[in-house]
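Asks: Structure in structure tokens, see below.
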Amino acid sequence: MEELAQRFRRLPRQPLTANLELDPSLNENLEQWPHLNELTHCYKADWVKDNSKYGHYETVGNTSFQNQVFEGPDTDIETEMRLANARHFRNDDATDDDIPSTSGWQLSETSSSDAAHTRNLQQLHFGASPLPAYEPVFDWESERLVIFGQRNPEPLPSSCSSGLKISVKVLSLSFQAGFVEPFYGTICLYNRERREKLSEDFYFRMLPTEIQDGAMQSEQRGIFSLDSPSASICLLIQLEKPTTEDGGVTPSVYSRKEPVHLTEREKQKLQVWSRIMPYRESFAWAIVPLFESNVAVGGTASPSSPLAPSLSGSSSQESMVEPVAKISSDSKLAQYSSGSSVIVEISNLNKVKESYTEDSLQDPKRKIHKPVKGTLRLEVEKLQTGNGDIDTVSENGSVNNEPADAVDQFVDSTFPKFPGNGSGRPQNAHFKWNVLDGKEAHRNGSAIIQGNNFELGSGDFIAFDFRATTKSEPFSQLLHCLYVYPLIMSLSRKRNLFIRVELRKDDIDIRREPLEAIYPRDSGSSLQRWAHTQVAVGARIACYHDEIKICPPAIFTPQHHLLFTMFHVDLQTKLEAPKPVVIGYAALPLSTHAQFHSDIALPVLRELVPHYLQESMKERLDYLEDGKHVFRLRLRLCSSLYPTNERIRDFFLEFDRHILRTSPPWGSELLEAINSLKNVDSTELLQFLQPILNMLLHLIGDGGETLQVAAFRAMVNILTRVQQESSDGAERNRFLVTYVDYAFDDFGGRQPPVYPGLSTVWGSLARSKAKGYRVGPVYDDVLAMAWFFLELIVKSMALEQSSLFYNNIPSGDDIPPLQLKDGVFRCIMQLYDCLLTEVHERCKKGLSLAKRLNSSLAFFCYDLLSIIEPRQVFELVALYIDKFTGVCQPVLHDCKLTFLQIICDHDLFVEMPGRDPSDRNYLSSVLIQELFLTWDHEDLTQRGKAARMLVVLMCKHEFDARYQKPEDKLYIAQLYFPLVGQILDEMPVYYNLSAVEKREVLIVVLQIIRNLDDASLVKAWQQSIARTRLFFKLLEECLVLFEHRKPADSMMMGSSSRSPDGEGHGSPRYSDRLSPAINSYLAEASRQEVRPQATPEGGYLWQRVSPQLSSPSQPYSLREALAQAQSSRIGSSTRALRESLHPILRQKLELWEENLSAAVSLQVLEITEKISVAAASHSIATDYGKLDCITSLIMSLFSRSQPLAFWNALVPVFNNIFSLHGATLMSRENDRFLKQVAFHLLRLAVFRNDSIRKRAVVGLQILVRSSFCYFTHTTRLRVMLTITLSELMSDVQVTQMKSDGSLEETGEARRLRKSLEEMASEDKTRELLKECALSLDALQAVPDGSVEDRWSWLEVKQLADSLLQALDAGLEHGLLASVMAVDKYAAAESFHRLANAYAHVPDLHIMWLLHLCDAHQEIQSWAEAAQCAVAVAGVIMQALVGRNDAVWSKDHVTALRRICPMVSGAISAEASAAEVEGYGASKLTVDSAVKYLQLADKLFSQAELYHFCASILELIIPVYKSRRAFGQLAKCHTSLTNIYESILEQESSPIPFIDATYYRVGFYGERFGKLDRKEYVYREARDVRLGDIMEKLSHIYESRMDGTHTLHIIPDSRQVNADELQPGVSYLQITAVDPVMEDEDLGSRRERIFSLSTGSVRARVFDRFLFDTPFTKNGKTQGGLEDQWKRRTVLQTEGSFPALVNRLLVVKSESMEFSPVENAIGMIETRTAALRDELEEPRTSDVDHLPRLQSLQRILQGSVAVQVNSGVLGVCTAFLSGEPATRLRSQELQQLIAALLEFMAVCKRAIRVHSRLIGEEDQDFHTQLVNGFQSLTAELSHYIPAILSEL
């Protein structure tokens, strides 16, 4: 098939019916009949189709999407997927079919070279382009369909393609009596209601086996066409047999009731007779309804009823049709593959008993004939018809023959019963006809259906469909047939009558042979000279049922006629076959009757004489039956050559005369004929539309002006009528489209092109209108039909261009543009201008005609771009843009957008030149200008439309197979880049758009930037800092608008300030982030999902959903989903819509969203790196002080949910950015940025996904490297990380509940710890760097101009440790949450630990100290609370002293440390390092220090520790002095006075003042956790006794014991060996302890009974405590004085009391032992000292002797009273009597005696003092004392004789 210079395709016509012979004259020279010439050319010429008219688009293969893994802190989808894949490969039994295609496009194999090319492109970029994920189901065709006035191609006109095709094949005939003679039959389609034959007859014959000729009887099928199924359409079957012999076997043997078989003799007779008898008679008939009569709603037959199983639904009972529930094995079903054939057995054949007509078939009252006892078996099959280009293949592979829904009804209800033919199909299915042998027809791909799916066998007979000649549509085929039906012959006597039919040319010579013009009944034979009918046996009124098909002459002359000859035949066998006898003749001239499709009655001549047709002969002829019209017949002419309408025939005649120049020169008859065309009946007009239009165009092309105008007006009139009368609602009538697209070939080059004449005549009419002349109503019609004329003009030009250059250019070269003559182009320009004016004016009136005309003009320019010089077209475009300049009315603006939309859809849009040779693409610059204007338009729908246009255009370029090379992509990006500049220049326009439109704009911006070269980008960043900033603002918008939020997060949130529902997208919104086209796609997919698919299982397409996708609660259809949605009242929100989607669709949707988000993030990251590199060379305009472009983007990227691919790509970029710009990024100006980066890195360090966590670790190391590089230390970074860690701890859950209700550390906390450890691990770093694709020296901290590496692993370790300390403190705090309320000690310690962990960040340190202070105040631990306040003041003071901006000096800090030793002495730079935005020294002021000192003062006075208060006031006074705040000073001094008075009062009290009690608590047992085997000293209020603290601690720790553990308290203070304790029991040992003074001699054996208030005011600060424990060496707990040893234990605590906490850990414990004698000496010395102290106490006056007397009496009574075994006497008895005395060393003995003597001497002195102090009332007591002393002296003298002389 020859290609016309690649542009035009010739399509040969399909013949309408097989073997259609035509009059030989049609093939001869037709020059004498120009109209015939035109007609035959019109039907025979190939269709000429312009391939490029509707655009041509070759898309690249589909983009397949990978699942993007978005990890949360607690997910590790990556590992799960890896494991799942490993399992999958192990099983490896999944076929490819099981894997659902995740892409939205049909899967197509891409060649390996393509794949490689794609990979190379990908290597230039970090990720895939965002556009395919934004528009994953981009379909150029459907996007074009939404353009207003879009031209849609019509399928190739073909009579075969419409409606339904049914093939009928006769399988067998059998009779009860036996089948011995041949039978013949016809089958046709028949409409019972209208009593009308719908098709020509299909002939078949059935031969008994005995007389079959060598060849097997034909396998022929009859193929019938149907428009649509209807209950009244049936098959009419008529059977014939050889005419019955007189006296022979009658046909009644076939219909006897009782079973009877033919005898051998009868069989022989029948066989012999059938051989000699050439004539046939009617035998039987049957009607087989094709469709059940119960019509379903909507007018089509019910889906369950194809070939009706019975006629139960119909009134007539003529035939029982029983479908066979089996297919016989020999029926060769496979030959007709659609597997939808049905075997029909017709068992009730109606016997023809007497003459019957079609009327009697329908007569309900008629006698029912005896049925024939026999069966005719037919195979009826519905054939696949191909509708040219089938675009209705849905994505899931089913073919949706939407227009032909009726097709679905031709389905047999017996199908479900067929074994092996899809028996599992759901019963309610509309069975689609694409089941091929029960296999699934299409597997996930577009089905390509050939022109006609059924293959014609050689013997197939296509029955001509008579309705083809009555339909209101143009003839597209050459038809010329005459069907003759002899009906009735009425005679006065009975005859055996048959009729012969022949076609004769004239009536001159009777003996001349008739014409060979009659089609034979057997296919394959040539035309015959005559045909004869059946024999009507013994009938007076003979009825016939024959159809005789004749090939008539092309031009009917008056002489052409049909001649009918009537014969009688004798049906008896004599010696030879019977001879027929002529009875009469009838003649029918064709020219008078051919146009009638009606019955004709003729008289019958007895004899034929020459010239029998002439009127003059009529009187002389002899007629039968008195010349009555006794012969009735019917004619049917089916012709596309011979119009039955007289006006059309006149026009054809005048056309011939005009062409042949045989008409008079004035030609008014032609004008009349042209004008009268407007009155032709519409059906006839339509049938001859194409030739009439061709002839009118012929006249417009070469007629004179008058003729041109008349032809043009007639044409407009005809077109308007066609458009209106046969309207299918389309803007472009399909018949006219077919004419332009296929039939019009500009006369095949036989005469000059049409376009100059057409343009001229139309142009002159338009100009007349423009000048204001009256041009009548025709002008509006011209505008309405403008599209037709414009398309004609264009096709005419294109055909001329093709023919001009066809032979002159080498193949493969482009055809040069057509050079239009100046006059013609000027004419077109003027015409265009006039039409534009019409659009402009009519638009203002809001007429829809204007919008249609606008689209037509756009398509006109679109078409011209391919034909003439584009710059000429640009003149037209410029004319348009000038007329519609600026922001105009919405209607006009909409027209302008549509215009641009159409033009920019041109195939070569990208390659278009500019208007000047130096310019770039003119169209793109106009487009960008106009789109930007539109975004500023107040009409919201137009903004959306403009944004959509841009995206569609971008997609079209991106997926165009021609533009896949990087240089092409670069060219396109440069073409559109000015748009980005325009947006940056006028950002308010962008900000005014809705979220949906912003996304559309941004996706285009990203696409442009992606393909742009670096030089152009850098140039864009060089203009100004503000503009560069705006550029990156756009990128941040991208991240915001395309962020991937889990459906749960985002569904309920609106996406814009304006409600997006009002934005012109009628479809529901499933996704906010993807293209609006997705919503329509998903809505459509959901609708289709309700339809069952043709899968072999008969189930849903979705049956293979992977198990994790489908859940029992997941609805399988949209209907269920919507019901569910309503029941749960979630309305039509986006979430509900997503829920309603099928799992696979929802999975697709999420896949696309994930990929879009990933692609956008990676794209932004790529550009971030580019700007970083550009900024490094200072080649762009940006703020180099802060580099806010880079920092804002990095913060934006970090703060959003990102996929794994992004994190993998991030680290190298992050590393490069910090390598290039570390100094700027680490500077104080960027604190906020650095803090956020640190926060996000730490956040990622808790992720469960290992690859993300490791990358976070490397990110932290990069920060550390930068810190070393630019500051040589990590102090600031440590502060920064500590702050961010503190913030993170409030976000991350560090503890979780265990099953037993206790808390444990979470995975997050463990992972964070692991990350921090890895950060400082030198060994693991190499692996980490490798995994992150960094070089191994990436962490070398070598500043510019230096060679030494400043990196210090030791310092990194310290950094990590301090962070770990903070983490652990936070973790412990979290773990204590459940016991905080009970265990106040642990709570305080926890706050304390946190305060310590954050010690180098003053803000945080202070915060936790204040928390601690509050906790103490709650439990009234005033001293501890005061210490916290002092500590806070200390932090502030230190910072101020370090900054040298305060009234205090280092001495003051030292003074403060005396109160609170916890305050650190080091005054470092850390406070200033902690200056981080929102944190740091700005809050550390003198006033805040004073505030906390005053709080401490208040709390200490509540604790009655007044000497601390004095010290604190002394620190506050210098501040007030420096400020000269005398009022405050006065207050301070008043307070000091009060404090000193309080101190005096405390010291003068006889009861020594105790500020607190102290207890040692030892913990033993696993349940204590970290406390196990540790000892603490607790500081309690002074009124807390040992029993109180025991109860308190029991209460705290009993709650922690579970069922298996118990708590015991060890009652004494002996040493505990933890290993000997009983397992499963927890022990507490609680002992009261005494604080040890700084200068106290701990080695003294004296007993410690002294007042702490003795001596001057001293700080009550204790860090050592002691307690004494008595024991014996013999193992007994108690013994006599001689056995009683004493152990003194001294405890050293971690820190001193009062501390920040209530208990301190014992860090050191020393013990010493005293022997019994040392104990005794100590006891005596203690008493001696007490008495001596009492006697020597200085007294101010004698007035206060009363208290002294009392204490003296108390001591004396305990010393002098003589009790056995106690006191002094006891000691003597124990150590100085007998055996024990010998055990003592002499030194010990002397010491003991000396002590005793001294003791007695002091007693004696005390008694004397006592006698001075007492009055009368104490005289008796004194006497007792004296007696006691004397008797004691007497007792002692037994052991120490010297005592008497001493005393």
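Residue numbers start at 1 in each chain; chains themselves are named A, B, ... in the order of the structure tokens; ligands are numbered from 1 in the order shown.
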Quick one: residues within 10 Å of A:Ala1699, only C-alpha atoms, excluding same-chain residues fewer than 5 positions away - as number ranges by chain?
Replies: A: 1423-1428, 1459-1462, 1579, 1661-1663, 1694, 1704
Asks: Output the selection as a PDB file, in the first residue's frame - N, CA and C atoms for each residue.
Replies:
ATOM      1  N   ALA A1423      15.728  23.111 104.044  1.00  0.00           N
ATOM      2  CA  ALA A1423      17.171  23.327 103.871  1.00  0.00           C
ATOM      3  C   ALA A1423      17.586  22.909 102.463  1.00  0.00           C
ATOM      4  N   GLU A1424      17.076  21.749 102.008  1.00  0.00           N
ATOM      5  CA  GLU A1424      17.447  21.264 100.685  1.00  0.00           C
ATOM      6  C   GLU A1424      16.909  22.220  99.601  1.00  0.00           C
ATOM      7  N   ALA A1425      15.672  22.685  99.811  1.00  0.00           N
ATOM      8  CA  ALA A1425      15.100  23.621  98.835  1.00  0.00           C
ATOM      9  C   ALA A1425      15.954  24.870  98.771  1.00  0.00           C
ATOM     10  N   ALA A1426      16.396  25.334  99.968  1.00  0.00           N
ATOM     11  CA  ALA A1426      17.224  26.539  99.996  1.00  0.00           C
ATOM     12  C   ALA A1426      18.527  26.309  99.253  1.00  0.00           C
ATOM     13  N   GLN A1427      19.101  25.110  99.425  1.00  0.00           N
ATOM     14  CA  GLN A1427      20.356  24.811  98.723  1.00  0.00           C
ATOM     15  C   GLN A1427      20.148  24.880  97.206  1.00  0.00           C
ATOM     16  N   CYS A1428      18.968  24.410  96.737  1.00  0.00           N
ATOM     17  CA  CYS A1428      18.689  24.471  95.296  1.00  0.00           C
ATOM     18  C   CYS A1428      18.679  25.923  94.830  1.00  0.00           C
ATOM     19  N   ILE A1459      28.420  27.919 101.508  1.00  0.00           N
ATOM     20  CA  ILE A1459      27.032  27.554 101.850  1.00  0.00           C
ATOM     21  C   ILE A1459      26.645  26.292 101.096  1.00  0.00           C
ATOM     22  N   CYS A1460      26.952  26.304  99.772  1.00  0.00           N
ATOM     23  CA  CYS A1460      26.534  25.172  98.924  1.00  0.00           C
ATOM     24  C   CYS A1460      27.745  24.677  98.161  1.00  0.00           C
ATOM     25  N   PRO A1461      28.442  23.681  98.712  1.00  0.00           N
ATOM     26  CA  PRO A1461      29.660  23.190  98.054  1.00  0.00           C
ATOM     27  C   PRO A1461      29.383  22.665  96.646  1.00  0.00           C
ATOM     28  N   MET A1462      28.081  22.411  96.320  1.00  0.00           N
ATOM     29  CA  MET A1462      27.758  21.909  94.983  1.00  0.00           C
ATOM     30  C   MET A1462      28.091  22.933  93.910  1.00  0.00           C
ATOM     31  N   ARG A1579      19.020  12.720 105.568  1.00  0.00           N
ATOM     32  CA  ARG A1579      18.843  13.860 106.472  1.00  0.00           C
ATOM     33  C   ARG A1579      17.351  14.070 106.644  1.00  0.00           C
ATOM     34  N   VAL A1661      27.483  22.256 108.383  1.00  0.00           N
ATOM     35  CA  VAL A1661      27.722  21.530 107.132  1.00  0.00           C
ATOM     36  C   VAL A1661      28.456  20.268 107.501  1.00  0.00           C
ATOM     37  N   PHE A1662      27.831  19.102 107.235  1.00  0.00           N
ATOM     38  CA  PHE A1662      28.423  17.837 107.690  1.00  0.00           C
ATOM     39  C   PHE A1662      28.601  16.904 106.510  1.00  0.00           C
ATOM     40  N   ASP A1663      29.767  16.272 106.437  1.00  0.00           N
ATOM     41  CA  ASP A1663      29.902  15.227 105.427  1.00  0.00           C
ATOM     42  C   ASP A1663      30.439  13.939 106.057  1.00  0.00           C
ATOM     43  N   GLU A1694      28.993  11.405  99.891  1.00  0.00           N
ATOM     44  CA  GLU A1694      29.346  12.063  98.623  1.00  0.00           C
ATOM     45  C   GLU A1694      28.733  13.448  98.722  1.00  0.00           C
ATOM     46  N   LEU A1704      22.484  11.150 100.800  1.00  0.00           N
ATOM     47  CA  LEU A1704      23.736  11.136 100.054  1.00  0.00           C
ATOM     48  C   LEU A1704      24.339   9.748 100.178  1.00  0.00           C
TER      49      LEU A1704
END
Asks: So which residues touch stretch 1678-1693 of chain A within 8 Å, counting only C-alpha atoms, skipping near sequence neighbours fewer than 4 positions away, as a PyMOL selection string?
Replies: chain A and resi 1576-1577+1663-1673+1704-1717+1719-1720+1770-1771+1774-1775+1780
Asks: Write out the residues from the selection above, keeping N, CA and C atoms, as a compact mmCIF listing (two decimals), in the first residue's frame.
Replies:
# COMPACT_ATOMS: atom_id res chain seq x y z
N TYR A 1576 23.25 4.76 102.31
CA TYR A 1576 23.00 6.19 102.17
C TYR A 1576 22.84 6.78 103.56
N VAL A 1577 23.18 8.08 103.69
CA VAL A 1577 22.83 8.80 104.91
C VAL A 1577 21.66 9.70 104.55
N ASP A 1663 29.77 16.27 106.44
CA ASP A 1663 29.90 15.23 105.43
C ASP A 1663 30.44 13.94 106.06
N ARG A 1664 30.59 13.96 107.42
CA ARG A 1664 31.02 12.71 108.08
C ARG A 1664 30.07 12.41 109.23
N PHE A 1665 29.80 11.11 109.43
CA PHE A 1665 28.84 10.70 110.46
C PHE A 1665 29.38 9.45 111.14
N LEU A 1666 29.01 9.30 112.43
CA LEU A 1666 29.47 8.07 113.08
C LEU A 1666 28.36 7.47 113.90
N PHE A 1667 28.53 6.18 114.18
CA PHE A 1667 27.65 5.52 115.13
C PHE A 1667 28.47 4.42 115.79
N ASP A 1668 28.12 4.11 117.04
CA ASP A 1668 28.84 3.09 117.81
C ASP A 1668 27.97 1.85 117.91
N THR A 1669 28.64 0.70 117.80
CA THR A 1669 27.90 -0.56 117.91
C THR A 1669 28.58 -1.43 118.96
N PRO A 1670 27.88 -1.83 120.10
CA PRO A 1670 28.51 -2.72 121.09
C PRO A 1670 28.53 -4.14 120.56
N PHE A 1671 29.57 -4.92 120.93
CA PHE A 1671 29.57 -6.34 120.54
C PHE A 1671 30.48 -7.09 121.49
N THR A 1672 30.39 -8.40 121.49
CA THR A 1672 31.29 -9.21 122.34
C THR A 1672 32.06 -10.13 121.42
N LYS A 1673 33.25 -10.56 121.91
CA LYS A 1673 34.08 -11.43 121.09
C LYS A 1673 33.61 -12.88 121.17
N LEU A 1704 22.48 11.15 100.80
CA LEU A 1704 23.74 11.14 100.05
C LEU A 1704 24.34 9.75 100.18
N LEU A 1705 24.98 9.35 99.13
CA LEU A 1705 25.59 8.02 99.09
C LEU A 1705 26.82 8.00 100.01
N VAL A 1706 26.97 6.90 100.74
CA VAL A 1706 28.17 6.73 101.58
C VAL A 1706 29.28 6.27 100.66
N VAL A 1707 30.34 7.09 100.59
CA VAL A 1707 31.42 6.72 99.66
C VAL A 1707 32.57 6.05 100.41
N LYS A 1708 32.62 6.27 101.71
CA LYS A 1708 33.74 5.69 102.45
C LYS A 1708 33.24 5.37 103.86
N SER A 1709 33.63 4.19 104.34
CA SER A 1709 33.18 3.80 105.69
C SER A 1709 34.39 3.22 106.43
N GLU A 1710 34.75 3.82 107.57
CA GLU A 1710 35.88 3.32 108.36
C GLU A 1710 35.35 2.91 109.73
N SER A 1711 35.95 1.88 110.33
CA SER A 1711 35.48 1.54 111.69
C SER A 1711 36.69 1.27 112.57
N MET A 1712 36.55 1.55 113.87
CA MET A 1712 37.61 1.22 114.83
C MET A 1712 36.95 0.54 116.01
N GLU A 1713 37.72 -0.30 116.69
CA GLU A 1713 37.13 -1.06 117.81
C GLU A 1713 37.75 -0.59 119.14
N PHE A 1714 36.93 -0.54 120.20
CA PHE A 1714 37.41 -0.21 121.56
C PHE A 1714 37.21 -1.44 122.43
N SER A 1715 38.32 -1.78 123.21
CA SER A 1715 38.25 -2.98 124.08
C SER A 1715 37.35 -2.65 125.28
N PRO A 1716 36.94 -3.67 126.07
CA PRO A 1716 36.05 -3.42 127.21
C PRO A 1716 36.65 -2.40 128.18
N VAL A 1717 37.96 -2.49 128.41
CA VAL A 1717 38.53 -1.57 129.42
C VAL A 1717 38.56 -0.16 128.87
N ASN A 1719 36.49 1.01 126.84
CA ASN A 1719 35.10 1.44 126.95
C ASN A 1719 34.83 2.00 128.35
N ALA A 1720 35.31 1.21 129.34
CA ALA A 1720 35.06 1.61 130.74
C ALA A 1720 35.72 2.94 131.03
N GLY A 1770 30.36 -0.73 139.06
CA GLY A 1770 30.33 -1.86 138.11
C GLY A 1770 31.68 -2.03 137.45
N VAL A 1771 32.31 -0.92 137.08
CA VAL A 1771 33.62 -0.99 136.38
C VAL A 1771 34.65 -1.63 137.31
N ALA A 1774 34.09 -5.24 137.65
CA ALA A 1774 34.40 -5.98 136.42
C ALA A 1774 35.90 -6.07 136.19
N PHE A 1775 36.62 -4.99 136.42
CA PHE A 1775 38.02 -5.00 135.97
C PHE A 1775 39.06 -5.11 137.10
N PRO A 1780 39.90 -10.84 136.30
CA PRO A 1780 40.00 -9.88 135.19
C PRO A 1780 41.17 -8.93 135.39
Asks: With only C-alpha atoms as the basis for distance, which of A:Leu497, A:Ala133, A:Leu857, A:Leu173 is at the shortest distance from A:Leu349?
Replies: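 Using only C-alpha atoms, A:Leu349 sits closest to A:Leu173.
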Asks: Just the residues within 7 Å of A:Asn645, please, counting only C-alpha atoms, with nothing from its chain fewer than 3 positions along; format it as a list in words.
Replies: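 Neighbouring residues, sequence-local ones excluded: Ile648, Arg649 and Glu684 of chain A.
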Asks: Rank A:Leu876, A:Gln819, A:Val1760, A:Lys1046 by their smallest atom-to-atom distance to A:Leu1151, using only C-alpha atoms, and report the top residue only.
Replies: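 Distance minimum relative to A:Leu1151 lands on A:Lys1046.
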Asks: If you run DSSP on this backbone, which residues of stretch 855-947 of chain A come out as alpha helix (DSSP H), and could you give them as number ranges by chain?
Replies: A: 855-865, 870-883, 890-903, 922-935, 940-947
Asks: Calculate how many Å separate atom CA of A:Thr40 from atom CA of A:Val740, rounding to one decimal.
Replies: 18.0 Å
Asks: For the atom pair atom CA of A:Leu1354 and atom CA of A:Arg1393, what is the interatomic distance in Å to one decimal place?
Replies: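 Value for the atom CA of A:Leu1354-atom CA of A:Arg1393 distance: 23.7 Å.
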Asks: Within 7 Å of A:Asp46, counting only C-alpha atoms, which residues qualify if same-chain residues fewer than 2 places away don't, as a ChimeraX atom specification?
Replies: /A:10-13,44,48
Asks: From a DSSP calculation on the backbone, collect every residue of stretch 1591-1839 of chain A in strand (DSSP E) and output the set as a ChimeraX atom specification.
Replies: /A:1606-1610,1625-1635,1662-1672,1684-1697,1703-1714
Asks: Rounded to one decimal place, report the atom CA of A:Val569-atom CA of A:Val581 distance in Å.
Replies: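 One can read the atom CA of A:Val569 to atom CA of A:Val581 distance as 6.2 Å.
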Asks: Can you pull out every residue within 10 Å of A:His56, counting only C-alpha atoms, but drop anything in the same chain fewer than 6 positions away, and send it as number ranges by chain?
Replies: A: 140-141, 905-908
Asks: Applying 8 Å and only C-alpha atoms, which residues near A:Leu1034 remain after dropping the ones on its own chain fewer than 4 positions away? List them as a list in words.
Replies: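 Returned residues: Leu1002, Leu1030 and Cys1038 of chain A.
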